[in-house]
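Chemist: Sending over a structure as structure tokens; questions will come in a sec.
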Amino acid sequence: MRIHRITLTNYRGVDYAKVTFDESGVTVIEGDNEAGKTSLVEALELLLDQRFLDRSNHRRVTAVKPVHHDADPEVEAEVSTGPYRFVFAKRWARNGMTELHISAPQHEQLTGDEAHERVQSILSETLDTELLKALQVRQGTDLALPSFAETNLGAALDTAAGTVGGNDLHDGIWQAIAAERDEYWTLTGKRKAVLTESQQRVNDAEADVASLTQQIAEIEADTERTARLATDAKRLQELLARAEEARDGCQQQVSAAEDVEEEFSRCEAEWRRLETEAERAQAEQQARTDLVGEEERCRLRTAELAEQAEQAAPALAAALRHHKEADAAYKAAQECLEQTRKSSALADRDREHLRQIIEARQLGARHKRVIAAQEQMDAANAILEAIHLDDDDIERIDAAQRAVIQAQAAANAGSATVTATGLSDLEVTIDGVTVLLNEGDEQVTDVVDSAEVVVPGSLKITVTAGNESRQLGSELAEAEAELRALCDQAGVAHLAEAREALARRHTASRERDHARHDIERDLDDLTVDVLANKASRLAARVAAYSDERESDVPLPSDLDSATRAALDLRDEFEERRLSFESADGLLKSAQTALNGEQVAHAALGATIDAAVNAAADAQLKLETARAQLPDAVLGERVTGARGASHEARTTRDAARARLDDVDIASLRRRLTNADQKLNRARAELSQNNENMRTLQISLDLRGEKGLTAQLDAACSNRDRCLAQDRSLRERAEAAKLLYEVFEHRRTEARQRYIAPFKQRIEQYGRIVYDTSFEVDVDDALAVSRRTLGGVTLAVGQLSTGAQEQLGIIARLACASIVSPDGSGAPVILDDALGWSDPARLERMGAAISSAGNHCQVIILTCTPGRYAHVGNATVVNLPTSSQSERS
């Protein structure tokens, strides 16, 4: 990529500026602060950024609008990249403007979004944006050395090393291998979620198989119980058959006995009738007894089922209790999760508040330093305005001083002298100056023209020098007058004072420069008012936080404590979230268990309802019989019949004698017992059938779920999960092995193609330093160590100036490798080398000049002359915004 021209209109504080760059070589752009140097680079970046359409209202777009008048910012650039050369212009406004004129390889003209998209397509096709960023040194950024691992420097080094095509460093293959390995493993070699989730799917599938197997086992157990009940049913049916047979035998015996009774019926008709009535009454009473017994059996059956329900109630109650406990645990976990979330949010706000406190202090300190620097600069300016001396003035005063000294020496050598010696203490006036002479004192006076010696009240002596002495005296007077005039013009009394004033002026100039540098550093593209407002707003937010903060939890003492507290609460929130999910799972399990118990309880309730209905029927029959014939009346009837029979007993004694052998009463009791046994067998068989029916219903309900099919499906799913997990693990291990082997080969190959880059850095570095200069380049194509004079230091151990120089040398080396055919990107240096001494700065100029033969270098500086040692540079003076005008 080559930048041919950039034009700014209404951009920040620049009304209009147009800069043309050399297509190859070095272009140095000089200009005062805020003249728009950095804006050139920023405007090009904004123009080519795919995010900023001409109608964008992004904060970066609104930030470049001029504040001194209402206008829309506009940028135009002429650029070459790959086979393309085009002029691209944008004006950002609600109805913005975008224009594109392509002149090579063929002419095209586009406007609006089509122009924007076409430029993005060209840049995507031809420009390595990471390389463009890496080759820039931006004003105000740190001095970190560049890394070119993500740029197309690697491809250029491949070409230089002769390893292009089919090598282990092919980016596409390496990225694919790394991506495949990263899909399964972390950077530390631990398994990623895709592997653990696959194993979890296997575990879940095996758990499903185990659960279904257990359910089927339970069904099989119930099936065996059903078989046992079926066997019992056969036994009870056989018992019922034997009871019926026994009852029939007893009935036959009773019938035979009754035949004996019938033999005597003819002669004992009355007794028979009475006996028959007694027997009928007894039979009715027995039927009544049977009804009572049936009612009792039904009641006992109901009680038995109720007992079963009572026994089943604890399980249901336990299920209800477990469900209630699980629900309470769920709600408690939910509440804890919400409380932890609020606490975590408060901790994050506290941490941000403490960070803002630090930032507010830093902004306040910066503002104080700016104010102090301004005061220092004002004081220095006051001194500079008060003292107008320069080195030429000092030289003229010094020359005048030497002339006075020479004239005075000449006058002293050619003039007469008057020596006055005191013979006693007295006052003498010499040329109007009164001198007190003590006894023995001498006063010597040079006479250039004439001298007058007066002893007050006694003597006056006039001494006149010759013509030559007067001429020398005149020259001395002229020299002294010249010296006084120069000193008066400079506002000093003598040469020493002049030199002291000049020294104070130089000191004030240096202090003014230092103060200006401090202001620029602390303002960082801000104004004093903006910095003050920013500090005050941040201080206001910090002060307001305590009132807005609604919590009894104490504010952490410092930012580190707040950060640790925030991280701890985030961990606690994650633990609470896992606890909440566990509680949710337990609640669902408890709900499932409760549903099962409720279904079983409902089935037992249906059985109890049936038994209650049977008991109600028996009770109804008994009540109906008692309503027709009360128990007391029935008893009286039996008693009366027995009395009547007793009265006829005498007449039936003979018959009784014959009947004693057959014992008809015992036969009838046996018959009654046989009936009872028969009824019991029928009841037991009915209960057995009822149990079978209930169990069969349960089996049918569970059988409808298709557990066998579900088990088959679960087994198939388990086998599939096992196969998939095995395949996934094999693929992961293969990816890991391939990554390790490829990485080893890649490291070997990288060492081969790093050499041209290293050699180019050392080529330029030896221009700046000496032949002992060497560097180490790591796998990320970044300089890691420097060797000079046999001493090797890590980059971080170098001075600030050395790091800056090494970073620029690395960028020049990279650009000279990737840009010889017009590709690559330009090196852009914005106010760099501010930490370099004059000698090193001169050698850096030679290195930049050498690199400029192979690439485009653009230098932005506010210090004229800093890059005067770049021999092949083209200097462009950028006027201030007040001086710029359209041309």
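In the structure tokens, chains take the letters A, B, ... in the order shown, each chain's residues start at 1, and ligands count up from 1 in the order shown.
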Would you mind listing, for every residue of segment 632-751 of chain A within 10 Å of segment 189-202 of chain A, the two atoms forming the shortest contact and the distance between them in Å to one decimal, using only C-alpha atoms, sorted by chain and ascending residue number, as a Markdown table?

Modeler:
| residue | atom | partner | partner_atom | distance |
| --- | --- | --- | --- | --- |
| A:Asn717 | CA | A:Val202 | CA | 8.7 |
| A:Arg718 | CA | A:Val202 | CA | 6.2 |
| A:Asp719 | CA | A:Val202 | CA | 8.5 |
| A:Arg720 | CA | A:Val202 | CA | 8.8 |
| A:Cys721 | CA | A:Val202 | CA | 5.4 |
| A:Leu722 | CA | A:Val202 | CA | 5.9 |
| A:Ala723 | CA | A:Val202 | CA | 9.4 |
| A:Gln724 | CA | A:Ser198 | CA | 7.8 |
| A:Asp725 | CA | A:Ser198 | CA | 5.6 |
| A:Arg726 | CA | A:Ser198 | CA | 9.3 |
| A:Leu728 | CA | A:Leu195 | CA | 7.3 |
| A:Arg729 | CA | A:Leu195 | CA | 7.1 |
| A:Ala732 | CA | A:Leu195 | CA | 8.3 |
| A:Lys736 | CA | A:Gly189 | CA | 8.8 |

Chemist: Pick out the residues sitting within 6 Å of Arg786 of chain A, and hand them over as a ChimeraX atom specification; count only C-alpha atoms, and ignore anything fewer than 2 positions along from it in its own chain.

Modeler: /A:774-775,792-793

Chemist: Keeping only N, CA, C and O atoms, take the residues you just selected and write them out as a PDB file, in the first residue's frame.

Modeler:
ATOM      1  N   GLU A 774      23.477  -7.232  17.585  1.00  0.00           N
ATOM      2  CA  GLU A 774      22.751  -8.443  17.195  1.00  0.00           C
ATOM      3  C   GLU A 774      21.423  -8.475  17.950  1.00  0.00           C
ATOM      4  O   GLU A 774      21.279  -7.853  19.014  1.00  0.00           O
ATOM      5  N   VAL A 775      20.435  -9.193  17.399  1.00  0.00           N
ATOM      6  CA  VAL A 775      19.138  -9.332  18.066  1.00  0.00           C
ATOM      7  C   VAL A 775      18.708 -10.793  18.018  1.00  0.00           C
ATOM      8  O   VAL A 775      19.175 -11.567  17.172  1.00  0.00           O
ATOM      9  N   THR A 792      24.304  -8.916  26.407  1.00  0.00           N
ATOM     10  CA  THR A 792      22.962  -9.267  25.929  1.00  0.00           C
ATOM     11  C   THR A 792      21.940  -8.907  27.005  1.00  0.00           C
ATOM     12  O   THR A 792      22.082  -9.311  28.168  1.00  0.00           O
ATOM     13  N   LEU A 793      20.909  -8.141  26.607  1.00  0.00           N
ATOM     14  CA  LEU A 793      19.857  -7.724  27.525  1.00  0.00           C
ATOM     15  C   LEU A 793      18.504  -8.032  26.910  1.00  0.00           C
ATOM     16  O   LEU A 793      18.326  -7.944  25.679  1.00  0.00           O
TER      17      LEU A 793
END

Chemist: Write out as a ChimeraX atom specification the residues lying within 10 Å of Glu684 of chain A, counting only C-alpha atoms and excluding same-chain residues fewer than 2 positions away.

Modeler: /A:232-233,236-237,239-240,678-682,686-690

Chemist: Write the residues of the selection above to a file with C-alpha atoms, as a tab-separated table (two decimals), in the first residue's frame.

Modeler:
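Written out: part.tsv:
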chain	number	residue	atom	x	y	z
A	232	ASP	CA	-53.07	-69.52	45.36
A	233	ALA	CA	-56.26	-69.05	43.32
A	236	LEU	CA	-58.46	-71.77	46.91
A	237	GLN	CA	-60.65	-73.09	44.08
A	239	LEU	CA	-60.50	-75.74	48.73
A	240	LEU	CA	-63.87	-74.28	47.63
A	678	LEU	CA	-67.80	-72.69	52.03
A	679	ASN	CA	-68.47	-68.98	52.55
A	680	ARG	CA	-64.97	-68.49	53.87
A	681	ALA	CA	-63.42	-70.24	50.88
A	682	ARG	CA	-65.49	-68.07	48.57
A	686	SER	CA	-62.68	-63.36	46.03
A	687	GLN	CA	-59.92	-61.51	47.95
A	688	ASN	CA	-57.23	-63.37	46.00
A	689	ASN	CA	-58.93	-62.43	42.74
A	690	GLU	CA	-59.20	-58.81	43.89

Chemist: Which neighbours of Leu860 of chain A fall inside 8 Å, counting only C-alpha atoms, when residues of the same chain fewer than 2 positions from it are skipped, and could you give them as a PyMOL selection string?

Modeler: chain A and resi 28-30+37-38+828-831+858+862

Chemist: Quick one: write out the picked residues with C-alpha atoms as a compact mmCIF listing (two decimals), in the first residue's frame?

Modeler:
# COMPACT_ATOMS: atom_id res chain seq x y z
CA VAL A 28 8.84 14.33 6.90
CA ILE A 29 5.82 16.45 7.86
CA GLU A 30 6.73 19.27 10.25
CA LYS A 37 -0.22 16.08 11.86
CA THR A 38 -1.76 13.27 13.92
CA ILE A 828 4.27 5.87 9.97
CA LEU A 829 6.20 7.53 12.84
CA ASP A 830 4.28 10.14 14.84
CA ASP A 831 6.62 12.28 17.01
CA ILE A 858 6.01 8.91 6.68
CA CYS A 862 6.46 19.06 15.84

Chemist: Rounded to one decimal place, report the atom CA of Lys534 of chain A-atom CA of Glu359 of chain A distance in Å.

Modeler: 10.3 Å

Chemist: If you take only C-alpha atoms and a cut-off of 12 Å, which residues of segment 238-341 of chain A touch segment 557-569 of chain A, and what are their nearest atom pairs and distances in Å to one decimal, in chain and number order, as JSON lines?

Modeler:
{"residue": "A:Leu337", "atom": "CA", "partner": "A:Leu569", "partner_atom": "CA", "distance": 10.9}
{"residue": "A:Gln339", "atom": "CA", "partner": "A:Leu569", "partner_atom": "CA", "distance": 10.6}
{"residue": "A:Thr340", "atom": "CA", "partner": "A:Leu569", "partner_atom": "CA", "distance": 6.9}
{"residue": "A:Arg341", "atom": "CA", "partner": "A:Leu569", "partner_atom": "CA", "distance": 8.2}

Chemist: Kindly save the residues from that selection, with N, CA, C and O atoms included, as a PDB file, in the first residue's frame.

Modeler:
ATOM      1  N   LEU A 337     -29.466 -17.274  45.624  1.00  0.00           N
ATOM      2  CA  LEU A 337     -28.921 -16.903  44.322  1.00  0.00           C
ATOM      3  C   LEU A 337     -29.184 -15.431  44.030  1.00  0.00           C
ATOM      4  O   LEU A 337     -28.300 -14.699  43.564  1.00  0.00           O
ATOM      5  N   GLN A 339     -29.813 -13.029  46.241  1.00  0.00           N
ATOM      6  CA  GLN A 339     -29.038 -12.189  47.161  1.00  0.00           C
ATOM      7  C   GLN A 339     -27.576 -12.106  46.706  1.00  0.00           C
ATOM      8  O   GLN A 339     -26.971 -11.034  46.731  1.00  0.00           O
ATOM      9  N   THR A 340     -27.021 -13.259  46.287  1.00  0.00           N
ATOM     10  CA  THR A 340     -25.636 -13.269  45.828  1.00  0.00           C
ATOM     11  C   THR A 340     -25.479 -12.427  44.563  1.00  0.00           C
ATOM     12  O   THR A 340     -24.483 -11.741  44.375  1.00  0.00           O
ATOM     13  N   ARG A 341     -26.493 -12.491  43.676  1.00  0.00           N
ATOM     14  CA  ARG A 341     -26.432 -11.674  42.456  1.00  0.00           C
ATOM     15  C   ARG A 341     -26.390 -10.198  42.812  1.00  0.00           C
ATOM     16  O   ARG A 341     -25.608  -9.415  42.252  1.00  0.00           O
TER      17      ARG A 341
END

Chemist: List every residue of segment 215-459 of chain A that DSSP, applied to the backbone of this structure, places in helix (DSSP H, G or I), and write the result as JSON, numbers by chain.

Modeler: {"A": [215, 216, 217, 218, 219, 220, 221, 222, 223, 224, 225, 226, 227, 228, 229, 230, 231, 232, 233, 234, 235, 236, 237, 238, 239, 240, 241, 242, 243, 244, 245, 246, 247, 248, 249, 250, 251, 252, 253, 254, 255, 256, 257, 258, 259, 260, 261, 262, 263, 269, 270, 271, 272, 273, 274, 275, 276, 277, 278, 279, 280, 281, 282, 283, 284, 285, 286, 287, 288, 289, 290, 291, 292, 293, 294, 295, 296, 297, 298, 299, 300, 301, 302, 303, 304, 305, 306, 307, 308, 309, 310, 311, 312, 313, 314, 315, 316, 317, 318, 319, 320, 321, 322, 323, 324, 325, 326, 327, 328, 329, 330, 331, 332, 333, 334, 335, 336, 337, 338, 339, 340, 341, 342, 343, 344, 345, 346, 347, 348, 349, 350, 351, 352, 353, 354, 355, 356, 357, 358, 359, 360, 361, 362, 363, 364, 365, 366, 367, 368, 369, 370, 371, 372, 373, 374, 375, 376, 377, 378, 379, 380, 381, 382, 383, 384, 385, 386, 391, 392, 393, 394, 395, 396, 397, 398, 399, 400, 401, 402, 403, 404, 405, 406, 407, 408, 409, 410, 411, 412, 413, 414]}

Chemist: Using only C-alpha atoms, determine which residues lie at most 12 Å from Ala868 of chain A, disregarding the query and same-chain residues fewer than 6 positions distant; provide the list as a PDB file with N, CA and C atoms, in the first residue's frame.

Modeler:
ATOM      1  N   VAL A  26      11.318   8.795   2.079  1.00  0.00           N
ATOM      2  CA  VAL A  26      10.914   9.321   3.370  1.00  0.00           C
ATOM      3  C   VAL A  26      10.275  10.689   3.183  1.00  0.00           C
ATOM      4  N   THR A  27       9.067  10.865   3.761  1.00  0.00           N
ATOM      5  CA  THR A  27       8.398  12.159   3.777  1.00  0.00           C
ATOM      6  C   THR A  27       8.296  12.619   5.224  1.00  0.00           C
ATOM      7  N   VAL A  28       8.875  13.776   5.555  1.00  0.00           N
ATOM      8  CA  VAL A  28       8.839  14.328   6.905  1.00  0.00           C
ATOM      9  C   VAL A  28       7.861  15.494   6.904  1.00  0.00           C
ATOM     10  N   ILE A  29       6.827  15.399   7.755  1.00  0.00           N
ATOM     11  CA  ILE A  29       5.815  16.452   7.862  1.00  0.00           C
ATOM     12  C   ILE A  29       6.059  17.187   9.170  1.00  0.00           C
ATOM     13  N   GLU A  30       6.428  18.462   9.078  1.00  0.00           N
ATOM     14  CA  GLU A  30       6.726  19.268  10.249  1.00  0.00           C
ATOM     15  C   GLU A  30       5.586  20.253  10.484  1.00  0.00           C
ATOM     16  N   PRO A 838      21.392  13.307  20.613  1.00  0.00           N
ATOM     17  CA  PRO A 838      21.702  13.830  19.274  1.00  0.00           C
ATOM     18  C   PRO A 838      22.524  12.871  18.423  1.00  0.00           C
ATOM     19  N   LEU A 841      20.358  10.056  17.353  1.00  0.00           N
ATOM     20  CA  LEU A 841      19.355  10.584  16.438  1.00  0.00           C
ATOM     21  C   LEU A 841      19.940  10.736  15.031  1.00  0.00           C
ATOM     22  N   GLU A 842      21.204  11.165  14.955  1.00  0.00           N
ATOM     23  CA  GLU A 842      21.855  11.311  13.645  1.00  0.00           C
ATOM     24  C   GLU A 842      21.984   9.958  12.958  1.00  0.00           C
ATOM     25  N   ARG A 843      22.357   8.907  13.710  1.00  0.00           N
ATOM     26  CA  ARG A 843      22.515   7.581  13.110  1.00  0.00           C
ATOM     27  C   ARG A 843      21.160   6.962  12.755  1.00  0.00           C
ATOM     28  N   MET A 844      20.152   7.253  13.563  1.00  0.00           N
ATOM     29  CA  MET A 844      18.808   6.776  13.218  1.00  0.00           C
ATOM     30  C   MET A 844      18.362   7.393  11.905  1.00  0.00           C
ATOM     31  N   GLY A 845      18.736   8.664  11.658  1.00  0.00           N
ATOM     32  CA  GLY A 845      18.413   9.295  10.382  1.00  0.00           C
ATOM     33  C   GLY A 845      19.026   8.533   9.221  1.00  0.00           C
ATOM     34  N   ALA A 846      20.258   8.033   9.395  1.00  0.00           N
ATOM     35  CA  ALA A 846      20.896   7.262   8.329  1.00  0.00           C
ATOM     36  C   ALA A 846      20.170   5.938   8.098  1.00  0.00           C
ATOM     37  N   ILE A 848      16.967   5.284   8.743  1.00  0.00           N
ATOM     38  CA  ILE A 848      15.679   5.583   8.102  1.00  0.00           C
ATOM     39  C   ILE A 848      15.879   5.883   6.627  1.00  0.00           C
ATOM     40  N   SER A 849      16.927   6.621   6.305  1.00  0.00           N
ATOM     41  CA  SER A 849      17.216   6.949   4.912  1.00  0.00           C
ATOM     42  C   SER A 849      17.501   5.691   4.104  1.00  0.00           C
ATOM     43  N   ILE A 859       6.883  10.469   8.335  1.00  0.00           N
ATOM     44  CA  ILE A 859       7.271  10.919   9.678  1.00  0.00           C
ATOM     45  C   ILE A 859       6.517  12.194   9.991  1.00  0.00           C
ATOM     46  N   THR A 861       6.249  15.259  12.868  1.00  0.00           N
ATOM     47  CA  THR A 861       7.003  15.801  13.996  1.00  0.00           C
ATOM     48  C   THR A 861       6.645  17.265  14.214  1.00  0.00           C
ATOM     49  N   THR A 874      11.949  14.115   2.074  1.00  0.00           N
ATOM     50  CA  THR A 874      11.238  15.276   1.548  1.00  0.00           C
ATOM     51  C   THR A 874      10.478  15.907   2.715  1.00  0.00           C
ATOM     52  N   VAL A 875      10.718  17.183   2.989  1.00  0.00           N
ATOM     53  CA  VAL A 875      10.120  17.859   4.144  1.00  0.00           C
ATOM     54  C   VAL A 875       8.908  18.656   3.685  1.00  0.00           C
TER      55      VAL A 875
END

Chemist: Residues of segment 582-805 of chain A in strand (DSSP E or B) according to DSSP, as a VMD selection string?

Modeler: chain A and resid 774 to 777 783 to 788 791 to 794

Chemist: Keeping only N, CA and C atoms, write the selected residues to a file as a short mmCIF file (atom, residue, chain, number, x, y, z; two decimals), in the first residue's frame.

Modeler:
data_model
loop_
_atom_site.label_atom_id
_atom_site.label_comp_id
_atom_site.auth_asym_id
_atom_site.auth_seq_id
_atom_site.Cartn_x
_atom_site.Cartn_y
_atom_site.Cartn_z
N GLU A 774 23.48 -7.23 17.58
CA GLU A 774 22.75 -8.44 17.19
C GLU A 774 21.42 -8.47 17.95
N VAL A 775 20.44 -9.19 17.40
CA VAL A 775 19.14 -9.33 18.07
C VAL A 775 18.71 -10.79 18.02
N ASP A 776 17.81 -11.16 18.94
CA ASP A 776 17.12 -12.44 18.91
C ASP A 776 15.66 -12.18 18.57
N VAL A 777 15.13 -12.93 17.59
CA VAL A 777 13.74 -12.80 17.16
C VAL A 777 12.99 -14.05 17.58
N VAL A 783 11.21 -8.83 18.45
CA VAL A 783 12.56 -8.80 19.01
C VAL A 783 12.47 -9.07 20.51
N SER A 784 13.21 -10.07 20.98
CA SER A 784 13.15 -10.42 22.39
C SER A 784 14.39 -9.97 23.16
N ARG A 785 15.56 -9.96 22.50
CA ARG A 785 16.80 -9.57 23.19
C ARG A 785 17.70 -8.81 22.22
N ARG A 786 18.60 -7.97 22.80
CA ARG A 786 19.56 -7.22 22.01
C ARG A 786 20.94 -7.44 22.58
N THR A 787 21.92 -7.65 21.68
CA THR A 787 23.33 -7.81 22.08
C THR A 787 24.11 -6.65 21.50
N LEU A 788 24.88 -5.97 22.36
CA LEU A 788 25.69 -4.83 21.93
C LEU A 788 26.96 -4.82 22.77
N VAL A 791 27.31 -7.59 25.36
CA VAL A 791 26.37 -7.63 26.49
C VAL A 791 24.97 -7.87 25.92
N THR A 792 24.30 -8.92 26.41
CA THR A 792 22.96 -9.27 25.93
C THR A 792 21.94 -8.91 27.01
N LEU A 793 20.91 -8.14 26.61
CA LEU A 793 19.86 -7.72 27.53
C LEU A 793 18.50 -8.03 26.91
N ALA A 794 17.54 -8.39 27.78
CA ALA A 794 16.16 -8.53 27.32
C ALA A 794 15.63 -7.14 26.95
#

Chemist: A:Arg840, A:Leu316, A:Val292, A:Asp661: which is nearest Ala257 of chain A, counting only C-alpha atoms?

Modeler: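 Among A:Arg840, A:Leu316, A:Val292, A:Asp661, it is A:Asp661 that comes nearest to Ala257 of chain A.
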
Chemist: What does the structure give for the distance between atom CA of Gly96 of chain A and atom CA of Tyr84 of chain A, in Å to one decimal?

Modeler: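 Atom CA of Tyr84 of chain A lies at a distance of 24.9 Å from atom CA of Gly96 of chain A.
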
Chemist: Between A:Leu483, A:Ala35, A:Leu555, A:Val254, which one has atoms that come closest to Thr672 of chain A, using only C-alpha atoms?

Modeler: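 Nearest to Thr672 of chain A: A:Val254.
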
Chemist: Considering only C-alpha atoms, state which residue in the set A:Val433, A:Ile102, A:Ile216, A:Ile122 is at the smallest distance from Leu711 of chain A.

Modeler: A:Ile216
